[in-house]
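Trainee: Supplied structure: coords39.cif, mmCIF, C-alpha atoms.
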```cif
data_entry
#
loop_
_atom_site.label_atom_id
_atom_site.label_comp_id
_atom_site.auth_asym_id
_atom_site.auth_seq_id
_atom_site.Cartn_x
_atom_site.Cartn_y
_atom_site.Cartn_z
CA MET A 1 -27.21 -37.29 7.49
CA ALA A 2 -23.76 -38.84 7.69
CA ARG A 3 -22.38 -39.54 11.17
CA LEU A 4 -18.92 -40.52 12.31
CA THR A 5 -18.57 -44.10 13.46
CA GLU A 6 -17.29 -44.83 16.96
CA ALA A 7 -14.04 -46.05 15.44
CA GLU A 8 -13.65 -42.79 13.52
CA ARG A 9 -14.40 -40.75 16.64
CA ALA A 10 -11.84 -42.72 18.63
CA GLU A 11 -9.22 -42.22 15.94
CA LEU A 12 -9.89 -38.48 15.78
CA ARG A 13 -9.64 -38.23 19.59
CA ARG A 14 -6.36 -40.14 19.47
CA VAL A 15 -4.89 -37.82 16.82
CA ALA A 16 -6.19 -34.66 18.53
CA ALA A 17 -4.56 -35.66 21.81
CA ARG A 18 -1.12 -35.81 20.24
CA GLU A 19 1.08 -32.76 20.34
CA HIS A 20 1.02 -31.23 16.89
CA HIS A 21 3.92 -29.40 15.33
CA GLU A 22 3.59 -28.08 11.81
CA PRO A 23 6.90 -27.03 10.30
CA PRO A 24 6.95 -23.60 8.66
CA LEU A 25 6.59 -23.60 4.90
CA PRO A 26 9.89 -23.48 3.02
CA PRO A 27 10.65 -20.11 1.37
CA GLU A 28 9.93 -21.48 -2.12
CA ASP A 29 6.34 -22.22 -1.03
CA ARG A 30 5.83 -18.94 0.83
CA PHE A 31 7.29 -16.46 -1.61
CA VAL A 32 6.87 -15.80 -5.32
CA ALA A 33 10.14 -14.98 -7.05
CA ALA A 34 10.30 -11.51 -8.63
CA THR A 35 10.41 -12.92 -12.16
CA PRO A 36 7.77 -12.78 -14.92
CA GLU A 37 7.66 -16.60 -15.11
CA ALA A 38 7.07 -17.03 -11.38
CA ARG A 39 4.36 -14.35 -11.41
CA MET A 40 2.56 -16.07 -14.30
CA ARG A 41 2.72 -19.47 -12.58
CA TYR A 42 1.26 -17.90 -9.44
CA ILE A 43 -1.49 -16.07 -11.38
CA LEU A 44 -2.57 -19.28 -13.14
CA TRP A 45 -2.64 -21.17 -9.84
CA VAL A 46 -4.48 -18.48 -7.92
CA THR A 47 -7.06 -18.09 -10.72
CA GLU A 48 -8.01 -21.75 -10.28
CA ALA A 49 -7.88 -21.49 -6.47
CA ALA A 50 -10.18 -18.46 -6.51
CA LYS A 51 -12.96 -20.55 -8.03
CA PHE A 52 -13.01 -22.78 -4.98
CA CYS A 53 -12.78 -19.93 -2.51
CA ARG A 54 -15.32 -17.46 -3.85
CA GLN A 55 -17.91 -19.31 -5.91
CA ASP A 56 -20.51 -19.70 -3.20
CA LYS A 57 -19.74 -16.68 -1.10
CA PRO A 58 -22.70 -14.31 -0.95
CA ILE A 59 -22.34 -10.88 -2.50
CA PRO A 60 -22.78 -8.30 0.26
CA ASN A 61 -25.59 -5.82 -0.27
CA ASP A 62 -23.81 -2.87 1.25
CA ASP A 63 -20.22 -1.71 1.44
CA GLY A 64 -20.27 -0.65 5.08
CA ASP A 65 -19.26 2.64 6.57
CA GLY A 66 -15.66 1.79 7.45
CA TRP A 67 -14.02 2.88 4.20
CA ARG A 68 -11.29 5.46 4.79
CA LEU A 69 -8.89 5.02 1.86
CA MET B 1 2.71 -10.08 -7.78
CA ARG B 2 4.54 -8.65 -4.79
CA GLY B 3 6.42 -11.77 -3.85
CA MET B 4 4.13 -13.59 -1.46
CA GLN B 5 1.44 -16.24 -1.64
CA ARG B 6 -1.78 -14.72 -0.34
CA ALA B 7 -3.85 -16.15 2.49
CA THR B 8 -6.90 -14.56 0.87
CA VAL B 9 -7.83 -15.43 -2.70
CA ASP B 10 -9.78 -13.06 -4.90
CA ILE B 11 -9.27 -10.41 -7.57
CA ASP B 12 -9.50 -6.79 -6.50
CA LEU B 13 -9.03 -3.99 -9.00
CA LEU B 14 -8.55 -0.42 -7.84
CA VAL B 15 -10.34 1.81 -10.36
CA ALA B 16 -10.55 5.60 -10.52
CA ALA B 17 -14.12 6.72 -9.98
CA ASP B 18 -14.08 8.43 -13.39
CA ASP B 19 -13.21 5.10 -15.05
CA LEU B 20 -15.92 2.98 -13.43
CA GLN B 21 -18.24 3.23 -16.41
CA THR B 22 -15.47 2.04 -18.74
CA ALA B 23 -14.56 -0.79 -16.35
CA ASP B 24 -18.22 -1.79 -16.21
CA ALA B 25 -18.42 -1.96 -20.02
CA VAL B 26 -15.23 -4.04 -20.23
CA LEU B 27 -16.41 -6.50 -17.57
CA ARG B 28 -19.89 -6.83 -19.12
CA SER B 29 -18.35 -7.51 -22.53
CA GLY B 30 -16.35 -10.28 -20.85
CA GLY B 31 -19.47 -11.94 -19.49
CA PHE B 32 -19.48 -10.42 -16.01
CA GLU B 33 -22.58 -8.99 -14.41
CA CYS B 34 -22.63 -6.32 -11.73
CA ARG B 35 -24.24 -7.86 -8.63
CA PHE B 36 -23.71 -4.93 -6.31
CA ARG B 37 -22.53 -1.37 -6.60
CA GLY B 38 -22.00 0.83 -3.58
CA GLU B 39 -20.12 4.02 -2.93
CA ASN B 40 -16.83 2.22 -2.28
CA VAL B 41 -16.96 -1.13 -4.07
CA SER B 42 -18.63 -3.00 -6.95
CA HIS B 43 -18.90 -6.78 -7.13
CA TYR B 44 -19.07 -8.61 -10.45
CA ARG B 45 -19.64 -12.28 -11.16
CA ASN B 46 -19.87 -14.37 -14.33
CA GLU B 47 -21.85 -17.55 -15.02
CA GLN B 48 -18.92 -19.73 -13.96
CA GLY B 49 -18.91 -18.07 -10.55
CA ASP B 50 -15.67 -16.13 -11.09
CA ARG B 51 -15.75 -12.95 -9.09
CA ILE B 52 -14.04 -9.60 -9.52
CA ASP B 53 -14.30 -6.76 -7.05
CA LEU B 54 -13.74 -3.15 -8.05
CA LEU B 55 -12.50 -0.81 -5.34
CA HIS B 56 -13.57 2.73 -6.17
CA ALA B 57 -10.72 5.22 -5.94
CA PHE B 58 -12.05 8.70 -5.18
CA ARG B 59 -10.52 9.66 -1.81
CA ALA B 60 -7.00 11.10 -1.64
CA HIS B 61 -5.27 7.94 -0.37
CA ALA B 62 -6.70 5.67 -3.08
CA THR B 63 -6.15 8.08 -5.97
CA ALA B 64 -2.53 8.48 -4.82
CA MET B 65 -2.22 4.67 -4.95
CA LEU B 66 -3.18 4.73 -8.62
CA ARG B 67 -0.48 7.33 -9.32
CA ARG B 68 2.14 5.26 -7.47
CA ALA B 69 1.22 1.92 -9.09
CA GLU B 70 4.02 0.22 -11.02
CA ARG B 71 3.87 -1.92 -14.15
CA LEU B 72 5.20 -5.41 -13.49
CA ASP B 73 6.07 -7.84 -16.28
CA VAL B 74 4.24 -11.15 -16.39
CA ASP B 75 5.61 -13.88 -18.62
CA HIS B 76 7.34 -11.36 -20.97
CA GLN B 77 4.13 -10.78 -22.98
CA LEU B 78 2.00 -8.95 -20.49
CA SER B 79 2.51 -6.26 -17.91
CA LEU B 80 0.07 -5.33 -15.18
CA SER B 81 -0.26 -2.18 -13.13
CA VAL B 82 0.21 -3.23 -9.51
CA ALA B 83 -0.09 -1.20 -6.31
CA THR B 84 3.10 -0.71 -4.32
CA VAL B 85 3.78 -2.96 -1.34
CA GLU B 86 3.02 -0.11 1.06
CA ASP B 87 -0.32 0.60 -0.66
CA LEU B 88 -1.26 -3.09 -0.67
CA ILE B 89 -0.57 -3.06 3.07
CA GLY B 90 -2.88 -0.04 3.39
CA LEU B 91 -5.63 -1.82 1.46
CA LYS B 92 -5.17 -4.94 3.59
CA ILE B 93 -5.47 -2.88 6.79
CA GLN B 94 -8.67 -1.41 5.31
CA ALA B 95 -9.99 -4.90 4.51
CA ALA B 96 -9.20 -6.16 8.02
CA PHE B 97 -10.93 -3.09 9.46
CA ASN B 98 -14.01 -3.65 7.26
CA ASN B 99 -14.37 -7.30 8.12
CA PRO B 100 -12.88 -8.37 11.46
CA ALA B 101 -13.96 -11.96 10.78
CA ARG B 102 -11.46 -12.06 7.89
CA SER B 103 -8.78 -10.00 9.57
CA VAL B 104 -6.55 -12.97 10.45
CA GLY B 105 -6.07 -13.73 6.75
CA ASP B 106 -5.54 -10.07 5.91
CA TRP B 107 -2.86 -9.68 8.61
CA GLN B 108 -1.23 -12.87 7.40
CA ASP B 109 -1.07 -11.28 3.96
CA ILE B 110 0.43 -8.11 5.44
CA ARG B 111 3.06 -10.19 7.20
CA GLY B 112 3.84 -12.02 3.95
CA LEU B 113 4.17 -8.73 2.03
CA VAL B 114 6.54 -7.28 4.63
CA GLU B 115 8.59 -10.47 4.93
CA ALA B 116 8.86 -10.81 1.14
CA ALA B 117 10.08 -7.19 0.89
CA GLY B 118 12.62 -7.80 3.66
CA ARG B 119 13.75 -11.02 2.07
CA ARG B 120 14.58 -9.35 -1.25
CA GLY B 121 16.04 -6.28 0.48
CA ALA B 122 13.44 -3.88 -0.95
CA SER B 123 13.17 -0.72 1.12
CA LEU B 124 9.74 0.21 2.40
CA ASP B 125 8.27 3.66 2.98
CA TRP B 126 7.63 3.26 6.71
CA THR B 127 6.22 6.79 6.97
CA LEU B 128 3.43 5.83 4.58
CA ILE B 129 2.81 2.53 6.38
CA GLU B 130 2.60 4.41 9.68
CA ASP B 131 0.12 6.82 8.04
CA TYR B 132 -2.11 3.90 7.08
CA LEU B 133 -1.91 2.43 10.58
CA GLU B 134 -2.85 5.81 12.04
CA VAL B 135 -5.81 6.19 9.67
CA PHE B 136 -7.16 2.98 11.21
CA GLU B 137 -6.08 3.90 14.74
CA GLN B 138 -3.56 1.07 15.10
CA PRO B 139 -0.19 2.90 15.23
CA GLU B 140 1.21 0.46 17.80
CA ARG B 141 1.34 -2.29 15.18
CA VAL B 142 4.29 -0.71 13.39
CA THR B 143 6.76 -2.36 15.78
CA LYS B 144 5.45 -5.77 14.81
CA LEU B 145 5.61 -4.91 11.10
CA ARG B 146 9.21 -3.73 11.41
CA GLY B 147 10.01 -6.99 13.17
CA TRP B 148 8.54 -8.96 10.26
CA TYR B 149 10.71 -7.03 7.84
CA GLY B 150 13.88 -8.07 9.60
CA PRO B 151 16.94 -6.31 10.92
CA ILE B 152 18.02 -4.35 7.83
CA ASP B 153 15.50 -1.63 6.96
CA ARG B 154 15.25 1.11 9.60
CA SER B 155 14.72 4.04 7.21
#
```
Please go through the file and, once you have read it, give me the structure as structure tokens.
Mentor:
Amino acid sequence: MARLTEAERAELRRVAAREHHEPPLPPEDRFVAATPEARMRYILWVTEAAKFCRQDKPIPNDDGDGWRL
Amino acid sequence: MRGMQRATVDIDLLVAADDLQTADAVLRSGGFECRFRGENVSHYRNEQGDRIDLLHAFRAHATAMLRRAERLDVDHQLSLSVATVEDLIGLKIQAAFNNPARSVGDWQDIRGLVEAAGRRGASLDWTLIEDYLEVFEQPERVTKLRGWYGPIDRS
């Protein structure tokens, strides 16, 4: 089993102690333009991304009782 | 398709209950296998691990979504039938309600949908959005949603 070294732990503690500000994403990264080209670019990207996000997720064996729509 | 990058990543298709058998045949011919079928959803997966979920439309709200869906052009050679922004918000509220552990991502998506609509000045049917919030007993959230839209749309 891999463990962090003391130096790595110290570095992580040092970084975690700093105040962290993440700037908001610029509009071009948050929104998809309402054009066919932009939609296709997003579809191609999200198709690849989906493989990383869903491949190992278990398939549920029931669909719950919360469905109302 | 509705102007925002999703915080959740998967493919959900809303299918009329009467069309489920046809959808099943299409997906099987494309190499997908049905791994679960319930009253409300079916989950398909292929050998590469790609996953497609079918949401079964048989209640009034979902069948109305199918009637309201609009065809959007993709790359000038393809058009896809896509639920309206309001209906996507309804489905996202449903998803958050079904799985509270994932609700942060679903509400982020709702925020993105509303902000994207506000940004391009598209009017939203707030009565329908309020209906969806009431179905899931969260009517108080509408104020927050209107705030995400911005100062223009108060219809």
Trainee: With 9 Å as the limit and counting all atoms listed in the file, what residues in chain B lie close to chain A? Please list them as number ranges by chain.
Mentor: B: 1-6, 8-11, 35-45, 48-51, 57-63, 72-76, 78-79, 90-91, 94-95, 97-98, 112, 115-116, 120, 132, 135-136
Trainee: As an exercise, work out the distance from CA of Val15 (chain A) to CA of Arg3 (chain A) in Å and give it to one decimal place.
Mentor: 18.5 Å
Trainee: What residues come out when you apply the PyMOL selection byres ((chain B and resi 67) around 12) to this file, written as a PDB file with C-alpha atoms, keeping the file's coordinate frame?
Mentor:
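As written to disk, selection.pdb reads:
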```pdb
ATOM      1  CA  LEU B  14      -8.550  -0.420  -7.840  1.00  0.00           C
ATOM      2  CA  VAL B  15     -10.340   1.810 -10.360  1.00  0.00           C
ATOM      3  CA  ALA B  16     -10.550   5.600 -10.520  1.00  0.00           C
ATOM      4  CA  ALA B  57     -10.720   5.220  -5.940  1.00  0.00           C
ATOM      5  CA  ALA B  60      -7.000  11.100  -1.640  1.00  0.00           C
ATOM      6  CA  HIS B  61      -5.270   7.940  -0.370  1.00  0.00           C
ATOM      7  CA  ALA B  62      -6.700   5.670  -3.080  1.00  0.00           C
ATOM      8  CA  THR B  63      -6.150   8.080  -5.970  1.00  0.00           C
ATOM      9  CA  ALA B  64      -2.530   8.480  -4.820  1.00  0.00           C
ATOM     10  CA  MET B  65      -2.220   4.670  -4.950  1.00  0.00           C
ATOM     11  CA  LEU B  66      -3.180   4.730  -8.620  1.00  0.00           C
ATOM     12  CA  ARG B  68       2.140   5.260  -7.470  1.00  0.00           C
ATOM     13  CA  ALA B  69       1.220   1.920  -9.090  1.00  0.00           C
ATOM     14  CA  GLU B  70       4.020   0.220 -11.020  1.00  0.00           C
ATOM     15  CA  ARG B  71       3.870  -1.920 -14.150  1.00  0.00           C
ATOM     16  CA  SER B  81      -0.260  -2.180 -13.130  1.00  0.00           C
ATOM     17  CA  VAL B  82       0.210  -3.230  -9.510  1.00  0.00           C
ATOM     18  CA  ALA B  83      -0.090  -1.200  -6.310  1.00  0.00           C
ATOM     19  CA  THR B  84       3.100  -0.710  -4.320  1.00  0.00           C
ATOM     20  CA  ASP B  87      -0.320   0.600  -0.660  1.00  0.00           C
TER      21      ASP B  87
END
```
Trainee: Applied to the shown file, which residues does the PyMOL selection byres ((chain B and resi 146) around 12) return, written as a PyMOL selection string?
Mentor: chain B and resi 110-111+113-115+117-118+123-127+129-130+140-145+147-155
Trainee: Work out how far apart CA of Glu137 (chain B) and CA of Ala17 (chain B) are and give it in Å to one decimal.
Mentor: 26.1 Å
Trainee: Quick one: pull the distance between CA of Gly30 (chain B) and CA of Asp53 (chain B), Å, one decimal.
Mentor: 14.4 Å
Trainee: Could you check which of B:Leu80, B:Ala101, B:Leu20, B:Leu128 is closest to His56 (chain B), using all atoms listed in the file?
Mentor: B:Leu20
Trainee: Atoms are missing here; could region 3-19 of chain A be completed with N, CA and C atoms and written as a compact mmCIF listing (two decimals), in the coordinates of the input?
Mentor:
```
# COMPACT_ATOMS: atom_id res chain seq x y z
N ARG A 3 -22.93 -39.66 9.81
CA ARG A 3 -22.38 -39.54 11.17
C ARG A 3 -21.05 -40.26 11.22
N LEU A 4 -20.17 -39.81 12.10
CA LEU A 4 -18.92 -40.52 12.31
C LEU A 4 -19.20 -41.82 13.06
N THR A 5 -18.45 -42.85 12.70
CA THR A 5 -18.57 -44.10 13.46
C THR A 5 -17.79 -43.96 14.76
N GLU A 6 -18.03 -44.86 15.69
CA GLU A 6 -17.29 -44.83 16.96
C GLU A 6 -15.80 -44.99 16.72
N ALA A 7 -15.47 -45.85 15.73
CA ALA A 7 -14.04 -46.05 15.44
C ALA A 7 -13.41 -44.77 14.91
N GLU A 8 -14.17 -44.05 14.06
CA GLU A 8 -13.65 -42.79 13.52
C GLU A 8 -13.50 -41.74 14.63
N ARG A 9 -14.49 -41.69 15.52
CA ARG A 9 -14.40 -40.75 16.64
C ARG A 9 -13.17 -41.05 17.50
N ALA A 10 -12.97 -42.32 17.78
CA ALA A 10 -11.84 -42.72 18.63
C ALA A 10 -10.52 -42.34 17.96
N GLU A 11 -10.44 -42.54 16.66
CA GLU A 11 -9.22 -42.22 15.94
C GLU A 11 -8.96 -40.71 15.95
N LEU A 12 -10.04 -39.93 15.75
CA LEU A 12 -9.89 -38.48 15.78
C LEU A 12 -9.44 -38.00 17.16
N ARG A 13 -10.04 -38.61 18.22
CA ARG A 13 -9.64 -38.23 19.59
C ARG A 13 -8.16 -38.56 19.81
N ARG A 14 -7.74 -39.72 19.28
CA ARG A 14 -6.36 -40.14 19.47
C ARG A 14 -5.40 -39.16 18.78
N VAL A 15 -5.76 -38.75 17.57
CA VAL A 15 -4.89 -37.82 16.82
C VAL A 15 -4.88 -36.44 17.49
N ALA A 16 -6.09 -35.99 17.94
CA ALA A 16 -6.19 -34.66 18.53
C ALA A 16 -5.40 -34.57 19.83
N ALA A 17 -5.26 -35.68 20.52
CA ALA A 17 -4.56 -35.66 21.81
C ALA A 17 -3.05 -35.55 21.65
N ARG A 18 -2.57 -35.87 20.46
CA ARG A 18 -1.12 -35.81 20.24
C ARG A 18 -0.67 -34.37 20.09
N GLU A 19 0.54 -34.09 20.54
CA GLU A 19 1.08 -32.76 20.34
C GLU A 19 1.33 -32.58 18.84
```
